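Report on one structure; see the data block that follows.
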Amino acid sequence: MAGAVHTVHRTLMGGGVTAMEQTEARPRGTRLPRRARRNQLLGAAQEVFVAQGYHAAAMDDIAERAGVSKPVLYQHFPGKLDLYLALLDQHCDNLLQAVRTALASTSENKQRVAATMDAYFAYVEDEGGAFRLVFESDLTNEPAVRERVERVSLECAEAISEVVAEDTGLSKDEAMLLAVGLGGVSQVVARYWLSSESTVPRETAVQLLTSLAWRGIAGFPKVAPEQH
C-alpha cells in the first residue's frame with residue numbers, strides 16, 4: 001500500500017504535472033441531488049488542490065475535473081477559498097475522529113499509544129493526499145486556514161491529554177504538554193516516512209515510534225483506579 005501511495009506522491013509533487021494531465025476530466029453527468037453534487041465537487045477540488053496547491057489551482061480546473069459548468073460550481077461554493085475551507089473542515093474532522101477512535105480502541109496504554117500514532121500514519125498514507133491540505137498548505141498566511149489547522153492540532157492534543165491526565169495524575173497543563181509532543185511527533189514522523197519513500201513498512205514504523213514514546217511516558221506512575 002505504501003509503495004502505491006509513494007508513487008502517487010512522486011507524481012503529484014514532481015512539478016510540472018497538472019491535475020488535468022493526471023486523470024481525464026469526468027464526463028458531464030446527469031443532475032445530482034444537492035448533497036451528492038457537493039460531495040462530487042469536493043472530491044474534484046481535493047484532487048486539484050493536492051496536485052497543484054491552492055494558488056495554482058483554478059476554478060475552471062475544478063469544474064472540468066468534476067464534469068460541471070462553472071456556474072454549477074459557484075452555486076455550491078461562492079469562491080475558491082470557500083471550497084478550500086470546506087475541504088479543510090472535512091479533513092480536520094476526519095483526523096480528529098481518527099485520533100478519538102484510536103484512543104477509545106483499547107484500555108491498554110501501550111496499545112493505545114500505538115493506535116493513536118497509527119492513526120496519524122493512516123491519515124498521511126491515504127492516497128487522496130488530504131493531509132497536504134492540513135499540514136502542508138501553501139495558504140497558511142490566510143487566517144481562516146491557519147485557525148483550522150491550529151484548532152485540529154489543539155483538539156487532537158486535548159483528546160490525548162485527557163487520557164494522559166486520567167492515567168498519570170498529572171495536571172491538565174502538564175498532560176497537555178505531553179499530548180502536544182505525542183501528536184506533533186506522530187504527524188511529523190508520519191509525513192517524513194511518506195515523503196522519504198522509506199522502505200520501512202508502516203507497521204514497523206509505528207512500532208518504532210511507539211517504543212520511543214512509550215519509554216518516556218511509561219515513566220510516569222499510573223494512577224490506581226478508584227475502588228467502589
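Lettering and numbering for the C-alpha cells are positional, with chains as A, B, ... in the shown order, residues counted from 1 in each chain, and ligands counted from 1 in the shown order.
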**OP:** Would you kindly return, as an MDAnalysis selection string, each protein, DNA or RNA residue with an atom no farther than 12 Å from any atom of A:Leu32, considering only C-alpha atoms and excluding same-chain residues fewer than 5 positions away?
**Re:** chainID A and resid 37:41 67:68 72
Same residues, N, CA and C atoms, output as a compact mmCIF listing (two decimals), in the first residue's frame:
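Final file, selection_32.txt:
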# COMPACT_ATOMS: atom_id res chain seq x y z
N ARG A 37 -23.98 16.24 -5.24
CA ARG A 37 -23.21 17.15 -6.09
C ARG A 37 -22.11 17.83 -5.29
N ARG A 38 -22.44 18.25 -4.09
CA ARG A 38 -21.44 18.91 -3.24
C ARG A 38 -20.27 17.97 -2.97
N ASN A 39 -20.57 16.73 -2.63
CA ASN A 39 -19.51 15.76 -2.38
C ASN A 39 -18.67 15.52 -3.62
N GLN A 40 -19.31 15.49 -4.78
CA GLN A 40 -18.59 15.32 -6.03
C GLN A 40 -17.63 16.49 -6.27
N LEU A 41 -18.11 17.69 -6.03
CA LEU A 41 -17.28 18.87 -6.22
C LEU A 41 -16.13 18.91 -5.24
N GLY A 67 -16.66 17.67 -14.07
CA GLY A 67 -17.59 17.49 -15.18
C GLY A 67 -18.82 18.35 -15.08
N VAL A 68 -18.65 19.58 -14.53
CA VAL A 68 -19.77 20.50 -14.40
C VAL A 68 -19.37 21.85 -15.00
N VAL A 72 -22.45 25.99 -12.10
CA VAL A 72 -22.87 24.95 -11.16
C VAL A 72 -21.92 24.93 -9.96
**OP:** Write out as a PyMOL selection string all residues of stretch 5-199 of chain A that backbone DSSP assigns to helix (DSSP H, G or I).
**Re:** chain A and resi 5-13+19-22+34-56+59-66+70-76+80-103+109-125+131-135+143-168+172-195
Against stretch 151-162 of chain A, which residues of stretch 123-145 of chain A fall within 12 Å? For each one I want the closest pair of atoms and the distance in Å (one decimal), counting only C-alpha atoms, rows by chain and increasing residue number, as JSON lines.
{"residue": "A:Phe131", "atom": "CA", "partner": "A:Val152", "partner_atom": "CA", "distance": 11.9}
{"residue": "A:Val134", "atom": "CA", "partner": "A:Val152", "partner_atom": "CA", "distance": 9.0}
{"residue": "A:Phe135", "atom": "CA", "partner": "A:Ser153", "partner_atom": "CA", "distance": 9.7}
{"residue": "A:Pro143", "atom": "CA", "partner": "A:Arg151", "partner_atom": "CA", "distance": 11.8}
{"residue": "A:Ala144", "atom": "CA", "partner": "A:Arg151", "partner_atom": "CA", "distance": 10.6}
{"residue": "A:Val145", "atom": "CA", "partner": "A:Arg151", "partner_atom": "CA", "distance": 9.9}
Write the residues of the preceding selection, restricted to N, CA and C atoms, as a short mmCIF file (atom, residue, chain, number, x, y, z; two decimals), in the first residue's frame.
data_model
loop_
_atom_site.label_atom_id
_atom_site.label_comp_id
_atom_site.auth_asym_id
_atom_site.auth_seq_id
_atom_site.Cartn_x
_atom_site.Cartn_y
_atom_site.Cartn_z
N PHE A 131 -3.99 15.08 3.68
CA PHE A 131 -3.17 15.63 4.76
C PHE A 131 -2.35 16.83 4.27
N VAL A 134 -3.96 20.00 5.08
CA VAL A 134 -3.96 20.33 6.50
C VAL A 134 -2.56 20.69 6.99
N PHE A 135 -1.57 19.86 6.68
CA PHE A 135 -0.24 20.04 7.24
C PHE A 135 0.77 20.68 6.30
N PRO A 143 -5.76 33.70 7.53
CA PRO A 143 -6.18 33.45 8.93
C PRO A 143 -7.17 32.30 9.08
N ALA A 144 -8.12 32.19 8.18
CA ALA A 144 -9.13 31.13 8.30
C ALA A 144 -8.52 29.74 8.15
N VAL A 145 -7.51 29.64 7.30
CA VAL A 145 -6.82 28.36 7.12
C VAL A 145 -5.97 28.06 8.35
#
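The spacing separating atom CA of A:Val164 from atom CA of A:Leu178 amounts to 8.0 Å.
Omitting stretch 94-97 of chain A and its sequence neighbours fewer than 3 positions away, and counting only C-alpha atoms, the residues within 8 Å are Gln90, His91, Arg100, Thr101, Ala119, Tyr120, Tyr123, Val152, Glu155 and Cys156 of chain A.
Using only C-alpha atoms, the contacts of A:Gly43 at a cut-off of 12 Å, with sequence neighbours closer than 2 positions omitted, comprise Arg26, Ala36, Arg37, Arg38, Asn39, Gln40, Leu41, Ala45, Gln46, Glu47, Val48, Phe49, Val50, Ile62, Ala63, Arg65, Ala66, Gly67, Leu83, Tyr84, Ala86, Leu87, Gln90, His91, Gly128, Gly129 and Ala130 of chain A.
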